[in-house]
file query_35.cif (mmCIF, C-alpha atoms)
data_start
loop_
_atom_site.group_PDB
_atom_site.id
_atom_site.type_symbol
_atom_site.label_atom_id
_atom_site.label_comp_id
_atom_site.auth_asym_id
_atom_site.auth_seq_id
_atom_site.Cartn_x
_atom_site.Cartn_y
_atom_site.Cartn_z
ATOM 1 C CA MET A 203 16.862 2.567 21.462
ATOM 2 C CA TRP A 204 18.625 5.259 19.382
ATOM 3 C CA LYS A 205 21.441 2.832 18.728
ATOM 4 C CA TRP A 206 18.906 0.324 17.360
ATOM 5 C CA PHE A 207 17.357 2.978 15.079
ATOM 6 C CA HIS A 208 20.788 4.048 13.946
ATOM 7 C CA GLN A 209 21.676 0.443 13.112
ATOM 8 C CA LEU A 210 18.376 -0.060 11.288
ATOM 9 C CA ALA A 211 19.104 2.944 9.069
ATOM 10 C CA SER A 212 22.276 1.251 7.873
ATOM 11 C CA PRO A 213 21.464 -0.255 4.419
ATOM 12 C CA PRO A 214 23.235 -3.633 4.863
ATOM 13 C CA HIS A 215 21.663 -4.122 8.293
ATOM 14 C CA PHE A 216 18.217 -3.163 7.001
ATOM 15 C CA TYR A 217 18.610 -5.472 4.001
ATOM 16 C CA ARG A 218 19.250 -8.428 6.308
ATOM 17 C CA ILE A 219 16.608 -7.559 8.925
ATOM 18 C CA SER A 220 13.861 -6.868 6.356
ATOM 19 C CA ALA A 221 14.313 -10.317 4.806
ATOM 20 C CA ILE A 222 13.639 -11.859 8.218
ATOM 21 C CA LEU A 223 10.795 -9.500 9.178
ATOM 22 C CA SER A 224 8.825 -9.572 5.918
ATOM 23 C CA PRO A 225 7.378 -13.129 6.230
ATOM 24 C CA TRP A 226 6.621 -12.522 9.924
ATOM 25 C CA LEU A 227 4.267 -9.767 8.840
ATOM 26 C CA ALA A 228 2.917 -11.489 5.723
ATOM 27 C CA VAL A 229 1.860 -14.798 7.306
ATOM 28 C CA PRO A 230 -0.296 -13.415 10.167
ATOM 29 C CA GLY A 231 -1.593 -10.784 7.733
ATOM 30 C CA LEU A 232 -2.751 -13.422 5.256
ATOM 31 C CA VAL A 233 -4.289 -15.553 8.012
ATOM 32 C CA LEU A 234 -6.254 -12.553 9.316
ATOM 33 C CA ILE A 235 -7.382 -11.580 5.797
ATOM 34 C CA ALA A 236 -8.513 -15.163 5.045
ATOM 35 C CA TYR A 237 -10.461 -15.424 8.323
ATOM 36 C CA ALA A 238 -11.990 -11.957 8.025
ATOM 37 C CA THR A 239 -12.953 -12.564 4.370
ATOM 38 C CA TRP A 240 -14.713 -15.765 5.361
ATOM 39 C CA GLN A 241 -16.473 -13.972 8.225
ATOM 40 C CA GLY A 242 -17.371 -10.919 6.156
ATOM 41 C CA LEU A 243 -18.702 -12.804 3.140
ATOM 42 C CA PHE A 244 -20.132 -15.981 4.675
ATOM 43 C CA VAL A 245 -20.965 -15.430 8.362
ATOM 44 C CA VAL A 246 -21.891 -11.782 9.080
ATOM 45 C CA PRO A 247 -25.624 -11.068 8.512
ATOM 46 C CA MET A 248 -26.575 -8.700 5.718
ATOM 47 C CA ASP A 249 -27.251 -5.024 6.374
ATOM 48 C CA TYR A 250 -30.930 -4.128 6.825
ATOM 49 C CA GLN A 251 -30.678 -1.225 4.345
ATOM 50 C CA GLN A 252 -27.930 -2.162 1.894
ATOM 51 C CA GLY A 253 -28.491 -5.924 1.888
ATOM 52 C CA ASP A 254 -25.476 -7.997 0.842
ATOM 53 C CA ALA A 255 -23.930 -5.059 -1.045
ATOM 54 C CA PHE A 256 -22.618 -3.790 2.291
ATOM 55 C CA ARG A 257 -20.044 -6.658 2.230
ATOM 56 C CA ILE A 258 -17.948 -4.510 -0.140
ATOM 57 C CA ILE A 259 -16.965 -2.599 3.014
ATOM 58 C CA TYR A 260 -14.555 -5.448 3.881
ATOM 59 C CA VAL A 261 -12.296 -4.600 0.938
ATOM 60 C CA HIS A 262 -13.151 -0.930 0.395
ATOM 61 C CA VAL A 263 -12.333 0.398 3.879
ATOM 62 C CA PRO A 264 -8.924 -1.336 4.264
ATOM 63 C CA ALA A 265 -7.952 -0.086 0.770
ATOM 64 C CA ALA A 266 -9.034 3.480 1.561
ATOM 65 C CA TYR A 267 -7.276 3.432 4.933
ATOM 66 C CA LEU A 268 -4.037 2.116 3.393
ATOM 67 C CA SER A 269 -4.188 4.672 0.583
ATOM 68 C CA LEU A 270 -3.884 7.397 3.245
ATOM 69 C CA MET A 271 -1.433 5.541 5.465
ATOM 70 C CA ALA A 272 0.935 4.847 2.554
ATOM 71 C CA TYR A 273 0.895 8.536 1.683
ATOM 72 C CA MET A 274 1.680 9.560 5.264
ATOM 73 C CA ILE A 275 4.570 7.075 5.343
ATOM 74 C CA MET A 276 5.818 8.380 1.983
ATOM 75 C CA ALA A 277 5.638 12.039 3.062
ATOM 76 C CA SER A 278 7.087 11.440 6.546
ATOM 77 C CA ALA A 279 9.961 9.396 5.137
ATOM 78 C CA GLY A 280 10.594 12.116 2.556
ATOM 79 C CA ALA A 281 10.657 14.760 5.312
ATOM 80 C CA ILE A 282 13.067 12.687 7.423
ATOM 81 C CA GLY A 283 15.283 12.279 4.362
ATOM 82 C CA LEU A 284 15.218 16.017 3.699
ATOM 83 C CA ILE A 285 15.882 17.075 7.299
ATOM 84 C CA TRP A 286 18.242 14.408 8.627
ATOM 85 C CA ARG A 287 19.580 13.228 5.258
ATOM 86 C CA ILE A 288 19.025 9.579 6.086
ATOM 87 C CA LYS A 289 19.446 7.698 2.803
ATOM 88 C CA LEU A 290 17.178 4.841 3.810
ATOM 89 C CA SER A 291 14.208 7.140 4.376
ATOM 90 C CA HIS A 292 14.158 8.174 0.705
ATOM 91 C CA ALA A 293 14.142 4.481 -0.193
ATOM 92 C CA VAL A 294 11.147 4.036 2.122
ATOM 93 C CA ALA A 295 9.318 6.928 0.412
ATOM 94 C CA ALA A 296 10.060 5.573 -3.071
ATOM 95 C CA ALA A 297 8.913 2.084 -2.061
ATOM 96 C CA ALA A 298 5.648 3.273 -0.493
ATOM 97 C CA ALA A 299 4.438 5.155 -3.595
ATOM 98 C CA PRO A 300 3.452 2.254 -5.906
ATOM 99 C CA ILE A 301 1.719 0.357 -3.098
ATOM 100 C CA GLY A 302 -0.121 3.513 -2.065
ATOM 101 C CA ALA A 303 -1.184 4.149 -5.654
ATOM 102 C CA ALA A 304 -2.479 0.569 -5.961
ATOM 103 C CA PHE A 305 -4.563 0.868 -2.778
ATOM 104 C CA THR A 306 -5.875 4.286 -3.834
ATOM 105 C CA PHE A 307 -6.964 2.807 -7.168
ATOM 106 C CA LEU A 308 -8.633 -0.051 -5.266
ATOM 107 C CA ALA A 309 -10.426 2.371 -2.922
ATOM 108 C CA LEU A 310 -11.736 4.326 -5.923
ATOM 109 C CA ALA A 311 -12.705 1.245 -7.939
ATOM 110 C CA THR A 312 -14.447 -0.623 -5.109
ATOM 111 C CA GLY A 313 -16.117 2.614 -3.996
ATOM 112 C CA SER A 314 -17.380 3.206 -7.505
ATOM 113 C CA ILE A 315 -18.695 -0.361 -7.820
ATOM 114 C CA TRP A 316 -20.399 -0.026 -4.425
ATOM 115 C CA GLY A 317 -21.829 3.352 -5.390
ATOM 116 C CA ARG A 318 -23.630 2.018 -8.473
ATOM 117 C CA PRO A 319 -26.303 -0.026 -6.626
ATOM 118 C CA MET A 320 -26.428 2.249 -3.546
ATOM 119 C CA TRP A 321 -26.332 5.751 -5.050
ATOM 120 C CA GLY A 322 -27.402 4.902 -8.580
ATOM 121 C CA THR A 323 -24.181 6.219 -10.081
ATOM 122 C CA TRP A 324 -20.646 4.953 -10.683
ATOM 123 C CA TRP A 325 -19.132 8.380 -10.112
ATOM 124 C CA GLU A 326 -20.148 11.840 -8.912
ATOM 125 C CA TRP A 327 -17.824 14.632 -10.025
ATOM 126 C CA GLY A 328 -19.032 17.058 -7.355
ATOM 127 C CA ASP A 329 -18.464 14.701 -4.423
ATOM 128 C CA PRO A 330 -15.626 15.916 -2.149
ATOM 129 C CA ARG A 331 -14.566 12.464 -0.880
ATOM 130 C CA MET A 332 -14.402 10.921 -4.363
ATOM 131 C CA MET A 333 -12.632 13.918 -5.887
ATOM 132 C CA SER A 334 -10.047 14.247 -3.101
ATOM 133 C CA GLU A 335 -9.311 10.511 -3.297
ATOM 134 C CA LEU A 336 -8.901 10.858 -7.087
ATOM 135 C CA ILE A 337 -6.479 13.770 -6.487
ATOM 136 C CA LEU A 338 -4.591 11.462 -4.098
ATOM 137 C CA LEU A 339 -4.172 8.965 -6.950
ATOM 138 C CA PHE A 340 -2.868 11.748 -9.209
ATOM 139 C CA LEU A 341 -0.456 12.820 -6.453
ATOM 140 C CA TYR A 342 0.938 9.280 -6.342
ATOM 141 C CA PHE A 343 1.262 9.254 -10.145
ATOM 142 C CA GLY A 344 2.913 12.680 -10.060
ATOM 143 C CA TYR A 345 5.325 11.541 -7.369
ATOM 144 C CA MET A 346 6.348 8.440 -9.334
ATOM 145 C CA ALA A 347 6.582 10.357 -12.630
ATOM 146 C CA LEU A 348 8.783 13.015 -11.001
ATOM 147 C CA ARG A 349 11.103 10.357 -9.574
ATOM 148 C CA SER A 350 11.498 8.599 -12.898
ATOM 149 C CA ALA A 351 11.961 11.874 -14.800
ATOM 150 C CA ILE A 352 15.096 12.833 -12.826
ATOM 151 C CA ASP A 353 18.165 10.678 -13.440
ATOM 152 C CA ASP A 354 20.119 11.911 -10.437
ATOM 153 C CA THR A 355 18.794 9.892 -7.485
ATOM 154 C CA ALA A 356 19.685 12.538 -4.874
ATOM 155 C CA LYS A 357 17.872 15.266 -6.826
ATOM 156 C CA ALA A 358 14.898 12.970 -7.460
ATOM 157 C CA ASP A 359 14.729 12.198 -3.731
ATOM 158 C CA LYS A 360 14.638 15.877 -2.777
ATOM 159 C CA ALA A 361 12.157 17.002 -5.435
ATOM 160 C CA SER A 362 9.765 14.120 -4.802
ATOM 161 C CA ALA A 363 9.962 14.624 -1.015
ATOM 162 C CA VAL A 364 8.854 18.250 -1.438
ATOM 163 C CA LEU A 365 5.960 17.171 -3.667
ATOM 164 C CA ALA A 366 4.920 14.507 -1.127
ATOM 165 C CA LEU A 367 4.980 17.063 1.688
ATOM 166 C CA VAL A 368 2.825 19.534 -0.246
ATOM 167 C CA GLY A 369 0.327 16.737 -0.939
ATOM 168 C CA ILE A 370 -0.285 16.126 2.776
ATOM 169 C CA VAL A 371 -2.905 18.884 2.571
ATOM 170 C CA ASN A 372 -4.941 16.590 0.347
ATOM 171 C CA VAL A 373 -4.692 13.706 2.848
ATOM 172 C CA VAL A 374 -6.281 15.955 5.480
ATOM 173 C CA ILE A 375 -8.982 16.929 2.956
ATOM 174 C CA VAL A 376 -9.700 13.269 2.101
ATOM 175 C CA HIS A 377 -10.069 12.412 5.776
ATOM 176 C CA PHE A 378 -12.318 15.313 6.785
ATOM 177 C CA SER A 379 -14.184 15.808 3.491
ATOM 178 C CA VAL A 380 -17.236 13.893 4.732
ATOM 179 C CA GLU A 381 -17.461 16.159 7.786
ATOM 180 C CA TRP A 382 -16.657 19.499 6.163
ATOM 181 C CA TRP A 383 -18.928 19.204 3.135
ATOM 182 C CA SER A 384 -22.137 17.539 2.128
ATOM 183 C CA SER A 385 -21.205 14.283 0.432
ATOM 184 C CA LEU A 386 -22.840 11.216 -1.074
ATOM 185 C CA HIS A 387 -20.272 9.249 0.884
ATOM 186 C CA GLN A 388 -21.316 8.265 4.392
ATOM 187 C CA GLY A 389 -19.557 9.805 7.400
ATOM 188 C CA GLN A 390 -17.071 8.127 9.744
ATOM 189 C CA THR A 391 -18.413 4.746 10.845
ATOM 190 C CA VAL A 392 -15.651 2.287 11.602
ATOM 191 C CA PHE A 393 -14.187 3.895 14.709
ATOM 192 C CA LYS A 394 -17.372 5.593 15.938
ATOM 193 C CA ARG A 395 -19.467 3.928 18.643
ATOM 194 C CA GLY A 396 -23.012 2.936 17.814
ATOM 195 C CA THR A 397 -22.638 3.201 14.037
ATOM 196 C CA MET A 398 -21.962 -0.445 13.298
ATOM 197 C CA ASP A 399 -22.909 -3.726 14.944
ATOM 198 C CA ALA A 400 -20.033 -5.513 16.730
ATOM 199 C CA ASP A 401 -20.595 -8.651 14.583
ATOM 200 C CA MET A 402 -19.937 -6.568 11.468
ATOM 201 C CA ARG A 403 -17.190 -4.409 12.964
ATOM 202 C CA LEU A 404 -14.910 -7.188 14.242
ATOM 203 C CA PRO A 405 -14.199 -8.797 10.823
ATOM 204 C CA LEU A 406 -13.669 -5.309 9.406
ATOM 205 C CA LEU A 407 -11.083 -4.479 12.069
ATOM 206 C CA MET A 408 -9.416 -7.862 11.404
ATOM 207 C CA MET A 409 -9.375 -7.084 7.701
ATOM 208 C CA ILE A 410 -7.795 -3.669 8.370
ATOM 209 C CA ILE A 411 -5.119 -5.188 10.627
ATOM 210 C CA GLY A 412 -4.517 -8.049 8.154
ATOM 211 C CA PHE A 413 -4.099 -5.712 5.201
ATOM 212 C CA THR A 414 -1.869 -3.423 7.289
ATOM 213 C CA LEU A 415 0.418 -6.357 8.115
ATOM 214 C CA LEU A 416 0.471 -7.417 4.465
ATOM 215 C CA PHE A 417 1.179 -3.830 3.458
ATOM 216 C CA GLY A 418 4.080 -3.775 5.945
ATOM 217 C CA SER A 419 5.495 -6.945 4.436
ATOM 218 C CA MET A 420 5.155 -5.652 0.869
ATOM 219 C CA LEU A 421 6.691 -2.331 1.868
ATOM 220 C CA LEU A 422 9.678 -4.023 3.497
ATOM 221 C CA ARG A 423 10.248 -6.115 0.385
ATOM 222 C CA ARG A 424 10.084 -3.049 -1.873
ATOM 223 C CA ILE A 425 12.420 -1.039 0.396
ATOM 224 C CA ARG A 426 14.823 -3.983 0.251
ATOM 225 C CA THR A 427 14.792 -3.829 -3.550
ATOM 226 C CA GLU A 428 15.246 -0.057 -3.489
ATOM 227 C CA VAL A 429 18.200 -0.401 -1.103
ATOM 228 C CA LEU A 430 19.773 -3.070 -3.313
ATOM 229 C CA TYR A 431 19.441 -0.835 -6.399
ATOM 230 C CA ARG A 432 20.793 2.279 -4.669
ATOM 231 C CA GLU A 433 23.689 0.401 -3.071
ATOM 232 C CA ARG A 434 24.504 -1.690 -6.147
ATOM 233 C CA ARG A 435 28.029 -0.284 -6.414
ATOM 234 C CA THR A 436 28.930 -0.633 -2.738
ATOM 235 C CA ARG A 437 31.257 -3.151 -1.194
ATOM 236 C CA TRP A 438 28.677 -4.934 0.956
ATOM 237 C CA VAL A 439 26.463 -5.651 -2.075
ATOM 238 C CA ARG A 440 29.484 -6.932 -3.983
ATOM 239 C CA GLU A 441 30.452 -9.231 -1.120
ATOM 240 C CA MET A 442 26.889 -10.436 -0.636
ATOM 241 C CA VAL A 443 26.259 -11.180 -4.316
ATOM 242 C CA LEU A 444 29.606 -12.879 -4.865
ATOM 243 C CA SER A 445 29.445 -14.904 -1.662
ATOM 244 C CA PRO A 446 28.821 -18.636 -2.336
ATOM 245 C CA GLU A 447 25.449 -18.651 -0.574
ATOM 246 C CA GLY A 448 24.243 -15.272 -1.996
ATOM 247 C CA ALA A 449 21.276 -13.521 -0.358
ATOM 248 C CA ALA A 450 18.642 -12.846 -3.019
ATOM 249 C CA MET B 1235 -26.204 -20.404 -5.825
ATOM 250 C CA ASP B 1236 -28.111 -17.999 -3.556
ATOM 251 C CA PHE B 1237 -24.918 -17.324 -1.744
ATOM 252 C CA PHE B 1238 -23.130 -16.284 -4.935
ATOM 253 C CA ALA B 1239 -26.114 -14.183 -6.001
ATOM 254 C CA MET B 1240 -25.749 -12.085 -2.810
ATOM 255 C CA GLY B 1241 -29.368 -10.956 -3.004
ATOM 256 C CA GLY B 1242 -28.832 -9.565 -6.506
ATOM 257 C CA TYR B 1243 -25.598 -7.758 -5.625
ATOM 258 C CA GLY B 1244 -23.287 -10.689 -6.478
ATOM 259 C CA ALA B 1245 -21.678 -9.011 -9.481
ATOM 260 C CA TYR B 1246 -20.776 -5.943 -7.393
ATOM 261 C CA VAL B 1247 -19.534 -7.790 -4.305
ATOM 262 C CA TRP B 1248 -17.542 -10.490 -6.094
ATOM 263 C CA SER B 1249 -15.981 -8.096 -8.589
ATOM 264 C CA CYS B 1250 -14.730 -5.923 -5.684
ATOM 265 C CA VAL B 1251 -13.286 -8.913 -3.815
ATOM 266 C CA ALA B 1252 -11.666 -10.329 -6.969
ATOM 267 C CA LEU B 1253 -10.262 -6.954 -8.010
ATOM 268 C CA THR B 1254 -8.720 -6.432 -4.559
ATOM 269 C CA PHE B 1255 -6.960 -9.789 -4.502
ATOM 270 C CA VAL B 1256 -5.804 -9.517 -8.125
ATOM 271 C CA ILE B 1257 -4.309 -6.033 -7.576
ATOM 272 C CA VAL B 1258 -2.571 -7.108 -4.350
ATOM 273 C CA LEU B 1259 -1.159 -10.179 -6.120
ATOM 274 C CA ILE B 1260 0.034 -8.077 -9.062
ATOM 275 C CA ILE B 1261 1.869 -5.482 -6.927
ATOM 276 C CA ASP B 1262 3.494 -8.243 -4.887
ATOM 277 C CA TRP B 1263 4.493 -10.224 -7.990
ATOM 278 C CA ARG B 1264 5.943 -7.113 -9.669
ATOM 279 C CA ALA B 1265 7.985 -6.319 -6.538
ATOM 280 C CA ARG B 1266 9.436 -9.850 -6.474
ATOM 281 C CA LEU B 1267 10.200 -9.669 -10.192
ATOM 282 C CA ARG B 1268 11.993 -6.306 -9.850
ATOM 283 C CA HIS B 1269 14.092 -7.573 -6.958
ATOM 284 C CA LYS B 1270 15.121 -10.661 -8.922
ATOM 285 C CA ARG B 1271 15.970 -8.568 -11.994
ATOM 286 C CA ILE B 1272 18.098 -6.073 -10.056
ATOM 287 C CA TYR B 1273 19.888 -8.842 -8.178
ATOM 288 C CA ARG B 1274 20.599 -10.720 -11.426
ATOM 289 C CA ASP B 1275 21.874 -7.537 -13.142
ATOM 290 C CA ILE B 1276 24.289 -6.880 -10.265
ATOM 291 C CA GLU B 1277 25.408 -10.507 -10.314
ATOM 292 C CA VAL B 1278 26.074 -10.429 -14.087
ATOM 293 C CA ARG B 1279 27.955 -7.119 -13.848
ATOM 294 C CA LEU B 1280 30.113 -8.299 -10.962
ATOM 295 C CA LYS B 1281 30.857 -11.667 -12.590
ATOM 296 C CA ALA B 1282 31.889 -9.887 -15.797
ATOM 297 C CA LEU B 1283 34.130 -7.554 -13.782
ATOM 298 C CA GLU B 1284 35.688 -10.488 -11.968
ATOM 299 C CA ASP B 1285 36.374 -12.345 -15.249
ATOM 300 C CA ARG B 1286 38.026 -9.259 -16.710
ATOM 301 C CA GLU B 1287 40.240 -8.857 -13.654
#

call {"tool": "encode", "arguments": {"input": "query_35.cif", "output": "structure tokens"}}
result
Amino acid sequence: MWKWFHQLASPPHFYRISAILSPWLAVPGLVLIAYATWQGLFVVPMDYQQGDAFRIIYVHVPAAYLSLMAYMIMASAGAIGLIWRIKLSHAVAAAAAPIGAAFTFLALATGSIWGRPMWGTWWEWGDPRMMSELILLFLYFGYMALRSAIDDTAKADKASAVLALVGIVNVVIVHFSVEWWSSLHQGQTVFKRGTMDADMRLPLLMMIIGFTLLFGSMLLRRIRTEVLYRERRTRWVREMVLSPEGAA
Amino acid sequence: MDFFAMGGYGAYVWSCVALTFVIVLIIDWRARLRHKRIYRDIEVRLKALEDRE
């Protein structure tokens, strides 16, 4: 097992494996998303309180969940890079940031659009869930800005990893904000029994799994690019690029 | 048409769905573009080095 992990951390090995793995995650992910979208928008009955507006849940929840997951991956990879000095883990952290930022933006935007008909407002500055999610977006922006501001990749890796680790506090706040404080946002529903009908929950779980698989595929592809850029002066990249078949 | 109206919430529901798919497509497309650009840059640099040698 350790040998396999050790091999996977080798950039040329990862570059090859990720090219094979990426479509194996993307295809089932897209199939699940397509099926769950059809179920969520066309088949599932409307909510007795929110009417058809509740269908926004099928894009809002996966986006919000991935915004947190991407951050945890980014911070964990940064920590692994700092502690064990594994080069690949910094590439993982750098690759996770833009995808995480995109999903955080989506969670905020879809939440805001959903909030307008349900709460009567696009945005509430005093709401802990909305504000902590907005801070999460700023943390992603800060992380990416810090990386691009430092020319030395090794220094950028270390500085951004520290920032990502500090930001974990906010991930905990985002998650528990609806329990700790009074919020416009509803409490935990998806994984709690009795809060959602099974007919509505199943497509949502499919959507979450589908988006997670797609996220995995996108992350692998971005790590691959990051590895290629970081290893651009190495022998294996030279041999791969100059080989007759190439491996783009 | 009733289906698209979503009981009066059509604009909210469809804009969320469209926004999600557009953003996902954009981040995926940008990732592919960056990979191609980096690969091409390396290829050009190495070919130029080879020619010089």

call {"tool": "closest_residue", "arguments": {"input": "query_35.cif", "among": "A:Ile219, A:Ala295, A:Leu338, A:Ile352", "to": "A:Ala266", "atoms": "all atoms listed in the file"}}
result
A:Leu338

call {"tool": "closest_residue", "arguments": {"input": "query_35.cif", "among": "A:Gln390, A:Thr414, A:Thr239, A:Thr397", "to": "B:Ala1252", "atoms": "only C-alpha atoms"}}
result
A:Thr239

call {"tool": "interface_residues", "arguments": {"input": "query_35.cif", "of": "chain A", "to": "chain B", "cutoff": "8 Å", "atoms": "only C-alpha atoms", "output": "PyMOL selection string"}}
result
chain A and resi 253-255+257-258+261+300-301+304+308+311-312+315-316+319+420+423-424+427+430-431+434+440+443-444+450

call {"tool": "write_last_selection", "arguments": {"input": "query_35.cif", "atoms": "C-alpha atoms", "output": "PDB file, keeping the file's coordinate frame"}}
result
ATOM      1  CA  GLY A 253     -28.491  -5.924   1.888  1.00  0.00           C
ATOM      2  CA  ASP A 254     -25.476  -7.997   0.842  1.00  0.00           C
ATOM      3  CA  ALA A 255     -23.930  -5.059  -1.045  1.00  0.00           C
ATOM      4  CA  ARG A 257     -20.044  -6.658   2.230  1.00  0.00           C
ATOM      5  CA  ILE A 258     -17.948  -4.510  -0.140  1.00  0.00           C
ATOM      6  CA  VAL A 261     -12.296  -4.600   0.938  1.00  0.00           C
ATOM      7  CA  PRO A 300       3.452   2.254  -5.906  1.00  0.00           C
ATOM      8  CA  ILE A 301       1.719   0.357  -3.098  1.00  0.00           C
ATOM      9  CA  ALA A 304      -2.479   0.569  -5.961  1.00  0.00           C
ATOM     10  CA  LEU A 308      -8.633  -0.051  -5.266  1.00  0.00           C
ATOM     11  CA  ALA A 311     -12.705   1.245  -7.939  1.00  0.00           C
ATOM     12  CA  THR A 312     -14.447  -0.623  -5.109  1.00  0.00           C
ATOM     13  CA  ILE A 315     -18.695  -0.361  -7.820  1.00  0.00           C
ATOM     14  CA  TRP A 316     -20.399  -0.026  -4.425  1.00  0.00           C
ATOM     15  CA  PRO A 319     -26.303  -0.026  -6.626  1.00  0.00           C
ATOM     16  CA  MET A 420       5.155  -5.652   0.869  1.00  0.00           C
ATOM     17  CA  ARG A 423      10.248  -6.115   0.385  1.00  0.00           C
ATOM     18  CA  ARG A 424      10.084  -3.049  -1.873  1.00  0.00           C
ATOM     19  CA  THR A 427      14.792  -3.829  -3.550  1.00  0.00           C
ATOM     20  CA  LEU A 430      19.773  -3.070  -3.313  1.00  0.00           C
ATOM     21  CA  TYR A 431      19.441  -0.835  -6.399  1.00  0.00           C
ATOM     22  CA  ARG A 434      24.504  -1.690  -6.147  1.00  0.00           C
ATOM     23  CA  ARG A 440      29.484  -6.932  -3.983  1.00  0.00           C
ATOM     24  CA  VAL A 443      26.259 -11.180  -4.316  1.00  0.00           C
ATOM     25  CA  LEU A 444      29.606 -12.879  -4.865  1.00  0.00           C
ATOM     26  CA  ALA A 450      18.642 -12.846  -3.019  1.00  0.00           C
TER      27      ALA A 450
END

call {"tool": "atom_distance", "arguments": {"input": "query_35.cif", "atom1": "atom CA of A:Val263", "atom2": "atom CA of A:Phe244"}}
result
18.2 Å

call {"tool": "resolve_selection", "arguments": {"input": "query_35.cif", "expression": "the PyMOL selection byres ((chain A and resi 292) around 8)", "output": "number ranges by chain"}}
result
A: 279-280, 283, 288-291, 293-296, 359, 363

call {"tool": "atom_distance", "arguments": {"input": "query_35.cif", "atom1": "atom CA of A:Arg349", "atom2": "atom CA of A:Ser362"}}
result
6.2 Å

call {"tool": "build_atoms", "arguments": {"input": "query_35.cif", "residues": "stretch 230-242 of chain A", "atoms": "N, CA and C atoms", "output": "mmCIF file, keeping the file's coordinate frame"}}
result
data_model
loop_
_atom_site.group_PDB
_atom_site.id
_atom_site.type_symbol
_atom_site.label_atom_id
_atom_site.label_comp_id
_atom_site.auth_asym_id
_atom_site.auth_seq_id
_atom_site.Cartn_x
_atom_site.Cartn_y
_atom_site.Cartn_z
ATOM 1 N N PRO A 230 0.890 -13.767 9.363
ATOM 2 C CA PRO A 230 -0.296 -13.415 10.167
ATOM 3 C C PRO A 230 -1.270 -12.517 9.418
ATOM 4 N N GLY A 231 -0.738 -11.660 8.542
ATOM 5 C CA GLY A 231 -1.593 -10.784 7.733
ATOM 6 C C GLY A 231 -2.518 -11.601 6.841
ATOM 7 N N LEU A 232 -1.951 -12.593 6.159
ATOM 8 C CA LEU A 232 -2.751 -13.422 5.256
ATOM 9 C C LEU A 232 -3.772 -14.261 6.016
ATOM 10 N N VAL A 233 -3.364 -14.760 7.188
ATOM 11 C CA VAL A 233 -4.289 -15.553 8.012
ATOM 12 C C VAL A 233 -5.483 -14.688 8.433
ATOM 13 N N LEU A 234 -5.179 -13.468 8.901
ATOM 14 C CA LEU A 234 -6.254 -12.553 9.316
ATOM 15 C C LEU A 234 -7.171 -12.207 8.146
ATOM 16 N N ILE A 235 -6.578 -11.935 6.979
ATOM 17 C CA ILE A 235 -7.382 -11.580 5.797
ATOM 18 C C ILE A 235 -8.291 -12.751 5.411
ATOM 19 N N ALA A 236 -7.723 -13.978 5.428
ATOM 20 C CA ALA A 236 -8.513 -15.163 5.045
ATOM 21 C C ALA A 236 -9.687 -15.338 6.006
ATOM 22 N N TYR A 237 -9.406 -15.231 7.316
ATOM 23 C CA TYR A 237 -10.461 -15.424 8.323
ATOM 24 C C TYR A 237 -11.524 -14.321 8.215
ATOM 25 N N ALA A 238 -11.048 -13.076 8.084
ATOM 26 C CA ALA A 238 -11.990 -11.957 8.025
ATOM 27 C C ALA A 238 -12.808 -11.981 6.731
ATOM 28 N N THR A 239 -12.207 -12.455 5.632
ATOM 29 C CA THR A 239 -12.953 -12.564 4.370
ATOM 30 C C THR A 239 -14.070 -13.597 4.521
ATOM 31 N N TRP A 240 -13.720 -14.723 5.136
ATOM 32 C CA TRP A 240 -14.713 -15.765 5.361
ATOM 33 C C TRP A 240 -15.846 -15.237 6.250
ATOM 34 N N GLN A 241 -15.473 -14.542 7.318
ATOM 35 C CA GLN A 241 -16.473 -13.972 8.225
ATOM 36 C C GLN A 241 -17.338 -12.929 7.494
ATOM 37 N N GLY A 242 -16.678 -12.032 6.800
ATOM 38 C CA GLY A 242 -17.371 -10.919 6.156
ATOM 39 C C GLY A 242 -18.292 -11.346 5.034
#
